[in-house]
Amino acid sequence: MQGVFGTPLRGMVLCAGMGSRLGELGEELPKPLLPVCNHPLLTYSLALLRGFGITEVGINLHHLGELITAALGDGRDYGVEINYSHEPELLGTGGGLRKLAKFLTYDGREPCVVVNGKLLVDVDLEAVLALHRVTGATATMVLRETPDADAWGAVEVDHDGRIHRLLGQTSPLPPPTSLSRCMFTGVQIIEPQLLARLPDGQPSCVVRQGYVPALREGEVLSGYIIPGYFFEHSTPERYLQGNLNALRGDAQLTYPPGPLQGISPRAQISPRAMIIGPVCIGAGAVVDDGAIVGPDAIVGEGARIERGVHLVRTIVFAGAHVRKSVYSAVVTPKAVYPIDQHGQGEPAAKAPTP
C-alpha cells in the first residue's frame with residue numbers, strides 16, 4: 001500500500017494492554033502472544049499488514065512486553081521490520097500512537113494503518129484506503145454491523161461511508177434518515193492531523209480524544225463496513241471460541257500466518273492413539289498410546305499428551321504436559337484454566353496442572 005508520496009505506508013499493532021479480563025491466564029502471557037491454532041495472536045495482525053505490502057511496523061509494549069520482544073525479535077521471521085515502543089507508563093491507544101507518530105507518518109507526511117493485537121479480522125486494506133482517499137477523511141474506521149452496537153460503543157455511518165455519530169456524539173452535519181449501526185473493530189487508517197490532536201507524552205484514547213473532537217468540529221471521518229470475519233479475544237471464553245472458529249474453518253482469512261489445522265509431520269503420534277478432527281498438532285508434540293485427541297483440540301509444539309488422556313475443546317500450550325483428560329480448558333506448562341462454555345468469560349481460575 002503506497003502513500004501519496006509513493007512511499008509504502010507503515011503500520012502499528014497495539015499490544016500494550018494489561019489483559020486483565022483474562023485473569024491469571026493473562027499473567028502468564030500478554031494477550032498478543034496467546035496462541036490461536038499455534039500462532040501468537042499478534043502474528044495474525046502482522047500477516048494481514050504484510051499481505052498488503054506493509055512491512056515496517058510499530059509495536060507498543062507494556063505488560064510482559066519483554067516476552068513479546070523475545071518471541072518476535074526484529075520481526076524478520078515474520079516478514080516485517082519491527083520498531084518497538086516501550087511504555088513504562090501505560091499510554092492507552094492514543095498515547096501509544098502519539099509516541100510513535102513521527103515514525104508511523106514519515107514525520108507527518110503519510111497516514112498510517114493501525115490494527116489491534118488481539119484480533120483475527122479479514123479486511124481488504126486496499127479497499128479501506130480507497131474509501132479513505134475518496135472521502136478525504138481525517139481517519140477511517142473499519143466497522144462491523146452488529147445488533148448490539150451500543151454494547152461495543154456504537155458508530156453510525158451512512159451509505160457513502162461517512163460517520164455521523166460516535167459514542168453518542170454527533171457531527172454538525174444533518175444526518176441522513178438511514179444509518180448503519182456498527183462496532184469499531186480496532187482497525188483504522190489515521191492521518192497525521194488526527195494524531196496531532198492527541199496529547200504528547202500523556203495517556204489518551206484515540207477515539208475519545210482524537211475521533212470525537214474531530215467529529216464535533218465537522219471533520220470527515222469515514223467508516224468501512226467489513227463483510228468478512230472478525231473476532232476479538234479479550235476473555236477466556238472468547239479466547240477458546242476464537243481458537244475453535246479458526247480450527248473449524250469459520251475464520252476465513254485471506255492472509256493467515258500459517259496453517260490453522262492439521263498435524264505437523266514432525267509430531268510424534270502413537271499408532272495406538274486416536275485423532276478426531278478437527279485438530280491442530282504442532283511440531284515435536286507427543287501423543288502417547290491410547291490417548292484421544294479431539295475433536296476441537298489444539299496441541300502446541302513440544303507438548304506431551306500421556307497415555308489414555310482425552311482432550312476435547314481444549315488448547316494445550318507449547319511445552320505443556322497433560323496427564324489427565326481435559327474438556328473445555330486451556331492447559332499451560334504451569335496450570336489448567338477451565339473455561340465455562342455457558343458463562344460470560346470471567347477471568348480464568350487456575351487448577352493444578354494435570
# chains A, B, ... in the order shown; residues from 1 in each chain; ligands from 1
>>> closest_atom_pairs(of="range 247-320 of chain A", to="range 50-67 of chain A", cutoff="12 Å", atoms="only C-alpha atoms", output="CSV")
residue,atom,partner,partner_atom,distance
A:Leu253,CA,A:Gly51,CA,11.0
A:Thr254,CA,A:Gly51,CA,8.4
A:Tyr255,CA,A:Gly51,CA,6.0
A:Pro256,CA,A:Gly51,CA,9.1
A:Pro257,CA,A:Gly51,CA,9.8
>>> select_by_dssp(residues="range 147-215 of chain A", states="helix (DSSP H, G or I)", output="list in words")
Ala149, Asp150, Ala151, Trp152, Pro192, Gln193, Leu194, Leu195, Val206, Val207, Arg208, Gln209, Gly210, Tyr211, Val212, Pro213, Ala214 and Leu215 of chain A
>>> write_last_selection(atoms="N, CA and C atoms", output="PDB file, in the first residue's frame")
ATOM      1  N   ALA A 149     -24.645  -2.947  18.926  1.00  0.00           N
ATOM      2  CA  ALA A 149     -23.618  -1.921  18.720  1.00  0.00           C
ATOM      3  C   ALA A 149     -23.385  -1.079  19.973  1.00  0.00           C
ATOM      4  N   ASP A 150     -24.449  -0.793  20.724  1.00  0.00           N
ATOM      5  CA  ASP A 150     -24.297   0.044  21.913  1.00  0.00           C
ATOM      6  C   ASP A 150     -23.366  -0.589  22.936  1.00  0.00           C
ATOM      7  N   ALA A 151     -23.380  -1.908  23.021  1.00  0.00           N
ATOM      8  CA  ALA A 151     -22.521  -2.599  23.987  1.00  0.00           C
ATOM      9  C   ALA A 151     -21.046  -2.426  23.653  1.00  0.00           C
ATOM     10  N   TRP A 152     -20.742  -2.157  22.401  1.00  0.00           N
ATOM     11  CA  TRP A 152     -19.353  -2.002  21.954  1.00  0.00           C
ATOM     12  C   TRP A 152     -18.969  -0.530  21.762  1.00  0.00           C
ATOM     13  N   PRO A 192      -1.979  12.174   9.847  1.00  0.00           N
ATOM     14  CA  PRO A 192      -1.151  12.823  10.876  1.00  0.00           C
ATOM     15  C   PRO A 192      -1.902  13.878  11.683  1.00  0.00           C
ATOM     16  N   GLN A 193      -2.848  14.608  11.060  1.00  0.00           N
ATOM     17  CA  GLN A 193      -3.518  15.685  11.794  1.00  0.00           C
ATOM     18  C   GLN A 193      -4.408  15.167  12.917  1.00  0.00           C
ATOM     19  N   LEU A 194      -4.906  13.933  12.783  1.00  0.00           N
ATOM     20  CA  LEU A 194      -5.672  13.396  13.904  1.00  0.00           C
ATOM     21  C   LEU A 194      -4.739  12.995  15.040  1.00  0.00           C
ATOM     22  N   LEU A 195      -3.598  12.402  14.711  1.00  0.00           N
ATOM     23  CA  LEU A 195      -2.631  12.054  15.757  1.00  0.00           C
ATOM     24  C   LEU A 195      -2.135  13.304  16.477  1.00  0.00           C
ATOM     25  N   VAL A 206      -7.501   7.143  21.518  1.00  0.00           N
ATOM     26  CA  VAL A 206      -7.539   7.691  20.172  1.00  0.00           C
ATOM     27  C   VAL A 206      -8.969   8.011  19.735  1.00  0.00           C
ATOM     28  N   VAL A 207      -9.949   7.267  20.230  1.00  0.00           N
ATOM     29  CA  VAL A 207     -11.340   7.533  19.847  1.00  0.00           C
ATOM     30  C   VAL A 207     -11.881   8.747  20.593  1.00  0.00           C
ATOM     31  N   ARG A 208     -11.769   8.728  21.917  1.00  0.00           N
ATOM     32  CA  ARG A 208     -12.380   9.795  22.720  1.00  0.00           C
ATOM     33  C   ARG A 208     -11.649  11.130  22.598  1.00  0.00           C
ATOM     34  N   GLN A 209     -10.345  11.091  22.436  1.00  0.00           N
ATOM     35  CA  GLN A 209      -9.585  12.339  22.380  1.00  0.00           C
ATOM     36  C   GLN A 209      -9.083  12.680  20.985  1.00  0.00           C
ATOM     37  N   GLY A 210      -9.330  11.801  20.033  1.00  0.00           N
ATOM     38  CA  GLY A 210      -8.967  12.074  18.650  1.00  0.00           C
ATOM     39  C   GLY A 210     -10.187  12.149  17.754  1.00  0.00           C
ATOM     40  N   TYR A 211     -10.887  11.025  17.622  1.00  0.00           N
ATOM     41  CA  TYR A 211     -12.041  10.950  16.731  1.00  0.00           C
ATOM     42  C   TYR A 211     -13.191  11.854  17.167  1.00  0.00           C
ATOM     43  N   VAL A 212     -13.573  11.783  18.446  1.00  0.00           N
ATOM     44  CA  VAL A 212     -14.755  12.520  18.892  1.00  0.00           C
ATOM     45  C   VAL A 212     -14.603  14.031  18.704  1.00  0.00           C
ATOM     46  N   PRO A 213     -13.490  14.669  19.127  1.00  0.00           N
ATOM     47  CA  PRO A 213     -13.355  16.112  18.852  1.00  0.00           C
ATOM     48  C   PRO A 213     -13.363  16.433  17.355  1.00  0.00           C
ATOM     49  N   ALA A 214     -12.728  15.576  16.543  1.00  0.00           N
ATOM     50  CA  ALA A 214     -12.732  15.816  15.089  1.00  0.00           C
ATOM     51  C   ALA A 214     -14.153  15.736  14.531  1.00  0.00           C
ATOM     52  N   LEU A 215     -14.944  14.788  14.996  1.00  0.00           N
ATOM     53  CA  LEU A 215     -16.329  14.659  14.556  1.00  0.00           C
ATOM     54  C   LEU A 215     -17.142  15.895  14.918  1.00  0.00           C
TER      55      LEU A 215
END
>>> atom_distance(atom1="CA of Leu41 in chain A", atom2="CA of Cys182 in chain A")
23.7 Å
>>> residues_around(residues="range 263-274 of chain A", least_positions_apart="3", cutoff="7 Å", atoms="only C-alpha atoms", output="list in words")
Cys280, Ile281, Gly282, Ala283, Gly284, Ala285, Val286, Val287, Asp288, Asp289, Gly290, Ala291, Ile292 and Val293 of chain A
>>> closest_residue(among="A:Gly17, A:Ile298, A:Pro88, A:Leu25", to="Val336 in chain A", atoms="only C-alpha atoms")
A:Leu25
>>> residues_around(residues="range 166-172 of chain A", least_positions_apart="5", cutoff="7 Å", atoms="only C-alpha atoms", output="MDAnalysis selection string")
chainID A and resid 153:156 212 215:216 218
>>> atom_distance(atom1="CA of Thr332 in chain A", atom2="CA of Tyr84 in chain A")
26.9 Å
>>> residues_around(residues="Pro8 in chain A", least_positions_apart="2", cutoff="12 Å", atoms="only C-alpha atoms", output="list in words")
Met1, Gln2, Gly3, Val4, Phe5, Gly6, Arg10, Gly11, Leu49, Arg50, Phe52, Gly53, Ile54, Thr55, Glu56, Val57, Leu104, Thr105, Tyr106, Arg109, Glu110, Pro111, Cys112 and Val113 of chain A
>>> write_last_selection(atoms="C-alpha atoms", output="PDB file, in the first residue's frame")
ATOM      1  CA  MET A   1       0.000   0.000   0.000  1.00  0.00           C
ATOM      2  CA  GLN A   2       1.509   3.258  -1.163  1.00  0.00           C
ATOM      3  CA  GLY A   3       1.149   6.692   0.379  1.00  0.00           C
ATOM      4  CA  VAL A   4       0.605   9.904  -1.578  1.00  0.00           C
ATOM      5  CA  PHE A   5       4.360  10.379  -1.869  1.00  0.00           C
ATOM      6  CA  GLY A   6       4.872   6.890  -3.249  1.00  0.00           C
ATOM      7  CA  ARG A  10       3.680   1.978   7.846  1.00  0.00           C
ATOM      8  CA  GLY A  11       1.591   0.044  10.320  1.00  0.00           C
ATOM      9  CA  LEU A  49      -0.282  -5.967   7.199  1.00  0.00           C
ATOM     10  CA  ARG A  50       2.409  -7.872   5.324  1.00  0.00           C
ATOM     11  CA  PHE A  52      -0.902  -5.663   1.810  1.00  0.00           C
ATOM     12  CA  GLY A  53       2.749  -4.699   1.494  1.00  0.00           C
ATOM     13  CA  ILE A  54       3.137  -3.057   4.913  1.00  0.00           C
ATOM     14  CA  THR A  55       6.439  -4.350   6.256  1.00  0.00           C
ATOM     15  CA  GLU A  56       7.582  -1.566   8.611  1.00  0.00           C
ATOM     16  CA  VAL A  57       5.563  -1.942  11.782  1.00  0.00           C
ATOM     17  CA  LEU A 104       4.289   5.958  11.575  1.00  0.00           C
ATOM     18  CA  THR A 105       3.558   9.021   9.415  1.00  0.00           C
ATOM     19  CA  TYR A 106       7.008   9.696   7.941  1.00  0.00           C
ATOM     20  CA  ARG A 109       3.654  13.196   5.503  1.00  0.00           C
ATOM     21  CA  GLU A 110       1.597   9.973   5.284  1.00  0.00           C
ATOM     22  CA  PRO A 111      -1.303   8.233   7.005  1.00  0.00           C
ATOM     23  CA  CYS A 112      -0.702   5.019   8.919  1.00  0.00           C
ATOM     24  CA  VAL A 113      -2.592   1.744   9.337  1.00  0.00           C
TER      25      VAL A 113
END
>>> closest_residue(among="A:Glu237, A:His86, A:Arg323, A:Phe184", to="Gly23 in chain A", atoms="only C-alpha atoms")
A:Glu237
>>> residues_around(residues="Pro227 in chain A", least_positions_apart="2", cutoff="12 Å", atoms="only C-alpha atoms", output="list of chain:residue names")
A:Val121, A:Asp122, A:Val123, A:Asp124, A:Val142, A:Leu143, A:Arg144, A:Glu145, A:Thr146, A:Tyr224, A:Ile225, A:Tyr229, A:Phe230, A:Gln252, A:Leu253
>>> write_last_selection(atoms="C-alpha atoms", output="mmCIF file, in the first residue's frame")
data_model
loop_
_atom_site.group_PDB
_atom_site.id
_atom_site.type_symbol
_atom_site.label_atom_id
_atom_site.label_comp_id
_atom_site.auth_asym_id
_atom_site.auth_seq_id
_atom_site.Cartn_x
_atom_site.Cartn_y
_atom_site.Cartn_z
ATOM 1 C CA VAL A 121 -10.003 -9.993 11.102
ATOM 2 C CA ASP A 122 -10.321 -10.379 7.355
ATOM 3 C CA VAL A 123 -10.355 -6.980 5.685
ATOM 4 C CA ASP A 124 -9.268 -5.625 2.312
ATOM 5 C CA VAL A 142 -13.068 -0.438 9.914
ATOM 6 C CA LEU A 143 -16.531 -1.339 11.202
ATOM 7 C CA ARG A 144 -18.806 -4.323 11.572
ATOM 8 C CA GLU A 145 -22.586 -4.157 11.651
ATOM 9 C CA THR A 146 -23.982 -5.716 14.816
ATOM 10 C CA TYR A 224 -15.675 0.912 6.078
ATOM 11 C CA ILE A 225 -18.053 -1.941 6.925
ATOM 12 C CA TYR A 229 -14.556 -12.467 9.613
ATOM 13 C CA PHE A 230 -13.879 -10.564 12.828
ATOM 14 C CA GLN A 252 -11.833 -17.328 6.671
ATOM 15 C CA LEU A 253 -8.663 -15.234 6.451
#
>>> atom_distance(atom1="CA of Pro295 in chain A", atom2="CA of Ser328 in chain A")
11.1 Å
>>> closest_residue(among="A:Ile226, A:Val220, A:Ile163, A:Val80", to="Arg133 in chain A", atoms="only C-alpha atoms")
A:Val220
>>> residues_around(residues="Pro259 in chain A", least_positions_apart="4", cutoff="9 Å", atoms="only C-alpha atoms", output="PyMOL selection string")
chain A and resi 37-39+280
>>> write_last_selection(atoms="all heavy atoms", output="PDB file, in the first residue's frame")
ATOM      1  N   CYS A  37      -4.530 -21.482  17.277  1.00  0.00           N
ATOM      2  CA  CYS A  37      -4.078 -22.552  16.374  1.00  0.00           C
ATOM      3  C   CYS A  37      -2.556 -22.525  16.226  1.00  0.00           C
ATOM      4  O   CYS A  37      -2.004 -22.629  15.125  1.00  0.00           O
ATOM      5  CB  CYS A  37      -4.788 -22.475  15.039  1.00  0.00           C
ATOM      6  SG  CYS A  37      -6.544 -22.895  15.164  1.00  0.00           S
ATOM      7  N   ASN A  38      -1.900 -22.331  17.375  1.00  0.00           N
ATOM      8  CA  ASN A  38      -0.434 -22.396  17.497  1.00  0.00           C
ATOM      9  C   ASN A  38       0.312 -21.235  16.843  1.00  0.00           C
ATOM     10  O   ASN A  38       1.525 -21.318  16.633  1.00  0.00           O
ATOM     11  CB  ASN A  38       0.099 -23.739  16.970  1.00  0.00           C
ATOM     12  CG  ASN A  38      -0.273 -24.903  17.876  1.00  0.00           C
ATOM     13  OD1 ASN A  38      -0.495 -24.731  19.075  1.00  0.00           O
ATOM     14  ND2 ASN A  38      -0.366 -26.096  17.310  1.00  0.00           N
ATOM     15  N   HIS A  39      -0.392 -20.137  16.564  1.00  0.00           N
ATOM     16  CA  HIS A  39       0.245 -18.905  16.099  1.00  0.00           C
ATOM     17  C   HIS A  39      -0.097 -17.794  17.089  1.00  0.00           C
ATOM     18  O   HIS A  39      -1.278 -17.600  17.401  1.00  0.00           O
ATOM     19  CB  HIS A  39      -0.245 -18.505  14.707  1.00  0.00           C
ATOM     20  CG  HIS A  39      -0.105 -19.577  13.675  1.00  0.00           C
ATOM     21  ND1 HIS A  39       1.112 -19.971  13.163  1.00  0.00           N
ATOM     22  CD2 HIS A  39      -1.038 -20.350  13.068  1.00  0.00           C
ATOM     23  CE1 HIS A  39       0.930 -20.935  12.276  1.00  0.00           C
ATOM     24  NE2 HIS A  39      -0.373 -21.184  12.206  1.00  0.00           N
ATOM     25  N   CYS A 280      -5.310 -29.341  15.627  1.00  0.00           N
ATOM     26  CA  CYS A 280      -4.077 -28.687  15.195  1.00  0.00           C
ATOM     27  C   CYS A 280      -2.995 -29.151  16.154  1.00  0.00           C
ATOM     28  O   CYS A 280      -3.053 -28.848  17.354  1.00  0.00           O
ATOM     29  CB  CYS A 280      -4.235 -27.167  15.241  1.00  0.00           C
ATOM     30  SG  CYS A 280      -2.767 -26.254  14.696  1.00  0.00           S
TER      31      CYS A 280
END
>>> decode(residues="range 58-84 of chain A", atoms="N, CA, C and O atoms", output="tab-separated table (two decimals), in the first residue's frame")
chain	number	residue	atom	x	y	z
A	58	GLY	N	5.24	-0.67	13.80
A	58	GLY	CA	5.47	-0.32	15.19
A	58	GLY	C	4.65	-1.22	16.11
A	58	GLY	O	3.52	-1.60	15.77
A	59	ILE	N	5.21	-1.57	17.25
A	59	ILE	CA	4.50	-2.35	18.27
A	59	ILE	C	4.77	-1.69	19.61
A	59	ILE	O	5.93	-1.51	20.00
A	60	ASN	N	3.70	-1.33	20.33
A	60	ASN	CA	3.90	-0.75	21.66
A	60	ASN	C	3.79	-1.84	22.72
A	60	ASN	O	3.06	-2.83	22.56
A	61	LEU	N	4.54	-1.68	23.79
A	61	LEU	CA	4.69	-2.72	24.81
A	61	LEU	C	4.52	-2.15	26.20
A	61	LEU	O	4.96	-1.03	26.49
A	62	HIS	N	3.89	-2.93	27.06
A	62	HIS	CA	3.82	-2.57	28.49
A	62	HIS	C	3.82	-3.86	29.31
A	62	HIS	O	4.87	-4.31	29.73
A	63	HIS	N	2.65	-4.47	29.51
A	63	HIS	CA	2.53	-5.67	30.33
A	63	HIS	C	3.27	-6.85	29.69
A	63	HIS	O	2.95	-7.26	28.57
A	64	LEU	N	4.30	-7.37	30.39
A	64	LEU	CA	5.09	-8.51	29.90
A	64	LEU	C	5.64	-8.27	28.50
A	64	LEU	O	5.78	-9.20	27.70
A	65	GLY	N	5.98	-7.03	28.23
A	65	GLY	CA	6.47	-6.69	26.89
A	65	GLY	C	7.74	-7.41	26.51
A	65	GLY	O	7.97	-7.67	25.31
A	66	GLU	N	8.56	-7.75	27.51
A	66	GLU	CA	9.81	-8.45	27.20
A	66	GLU	C	9.55	-9.81	26.57
A	66	GLU	O	10.39	-10.32	25.80
A	67	LEU	N	8.42	-10.43	26.88
A	67	LEU	CA	8.09	-11.71	26.26
A	67	LEU	C	7.77	-11.55	24.78
A	67	LEU	O	8.07	-12.42	23.97
A	68	ILE	N	7.17	-10.41	24.43
A	68	ILE	CA	6.86	-10.15	23.03
A	68	ILE	C	8.14	-9.93	22.23
A	68	ILE	O	8.32	-10.48	21.14
A	69	THR	N	9.05	-9.13	22.76
A	69	THR	CA	10.31	-8.90	22.03
A	69	THR	C	11.12	-10.18	21.91
A	69	THR	O	11.75	-10.42	20.88
A	70	ALA	N	11.07	-11.03	22.94
A	70	ALA	CA	11.81	-12.29	22.87
A	70	ALA	C	11.21	-13.22	21.82
A	70	ALA	O	11.93	-13.94	21.13
A	71	ALA	N	9.88	-13.19	21.69
A	71	ALA	CA	9.21	-14.09	20.75
A	71	ALA	C	9.38	-13.63	19.30
A	71	ALA	O	9.57	-14.46	18.41
A	72	LEU	N	9.33	-12.32	19.05
A	72	LEU	CA	9.33	-11.82	17.68
A	72	LEU	C	10.69	-11.32	17.20
A	72	LEU	O	10.91	-11.24	15.99
A	73	GLY	N	11.56	-10.97	18.13
A	73	GLY	CA	12.85	-10.42	17.73
A	73	GLY	C	12.68	-9.18	16.86
A	73	GLY	O	11.83	-8.33	17.14
A	74	ASP	N	13.44	-9.09	15.80
A	74	ASP	CA	13.36	-7.92	14.92
A	74	ASP	C	12.23	-8.02	13.90
A	74	ASP	O	12.02	-7.11	13.10
A	75	GLY	N	11.50	-9.15	13.92
A	75	GLY	CA	10.38	-9.33	13.00
A	75	GLY	C	10.73	-10.04	11.71
A	75	GLY	O	9.84	-10.37	10.92
A	76	ARG	N	12.01	-10.30	11.50
A	76	ARG	CA	12.44	-10.86	10.22
A	76	ARG	C	11.76	-12.19	9.92
A	76	ARG	O	11.40	-12.47	8.77
A	77	ASP	N	11.57	-13.02	10.94
A	77	ASP	CA	10.94	-14.33	10.72
A	77	ASP	C	9.48	-14.19	10.31
A	77	ASP	O	8.88	-15.16	9.81
A	78	TYR	N	8.91	-13.01	10.49
A	78	TYR	CA	7.50	-12.78	10.14
A	78	TYR	C	7.37	-11.86	8.93
A	78	TYR	O	6.28	-11.40	8.61
A	79	GLY	N	8.47	-11.59	8.27
A	79	GLY	CA	8.44	-10.81	7.05
A	79	GLY	C	8.26	-9.32	7.25
A	79	GLY	O	7.86	-8.61	6.32
A	80	VAL	N	8.56	-8.83	8.47
A	80	VAL	CA	8.40	-7.41	8.76
A	80	VAL	C	9.63	-6.90	9.52
A	80	VAL	O	10.45	-7.67	10.00
A	81	GLU	N	9.71	-5.58	9.60
A	81	GLU	CA	10.74	-4.93	10.42
A	81	GLU	C	10.00	-4.20	11.55
A	81	GLU	O	9.16	-3.33	11.29
A	82	ILE	N	10.33	-4.57	12.79
A	82	ILE	CA	9.57	-4.07	13.94
A	82	ILE	C	10.31	-2.94	14.63
A	82	ILE	O	11.51	-3.04	14.93
A	83	ASN	N	9.57	-1.87	14.90
A	83	ASN	CA	10.05	-0.76	15.72
A	83	ASN	C	9.28	-0.81	17.04
A	83	ASN	O	8.10	-0.47	17.09
A	84	TYR	N	9.93	-1.26	18.11
A	84	TYR	CA	9.25	-1.40	19.40
A	84	TYR	C	9.20	-0.07	20.13
A	84	TYR	O	10.13	0.73	20.07
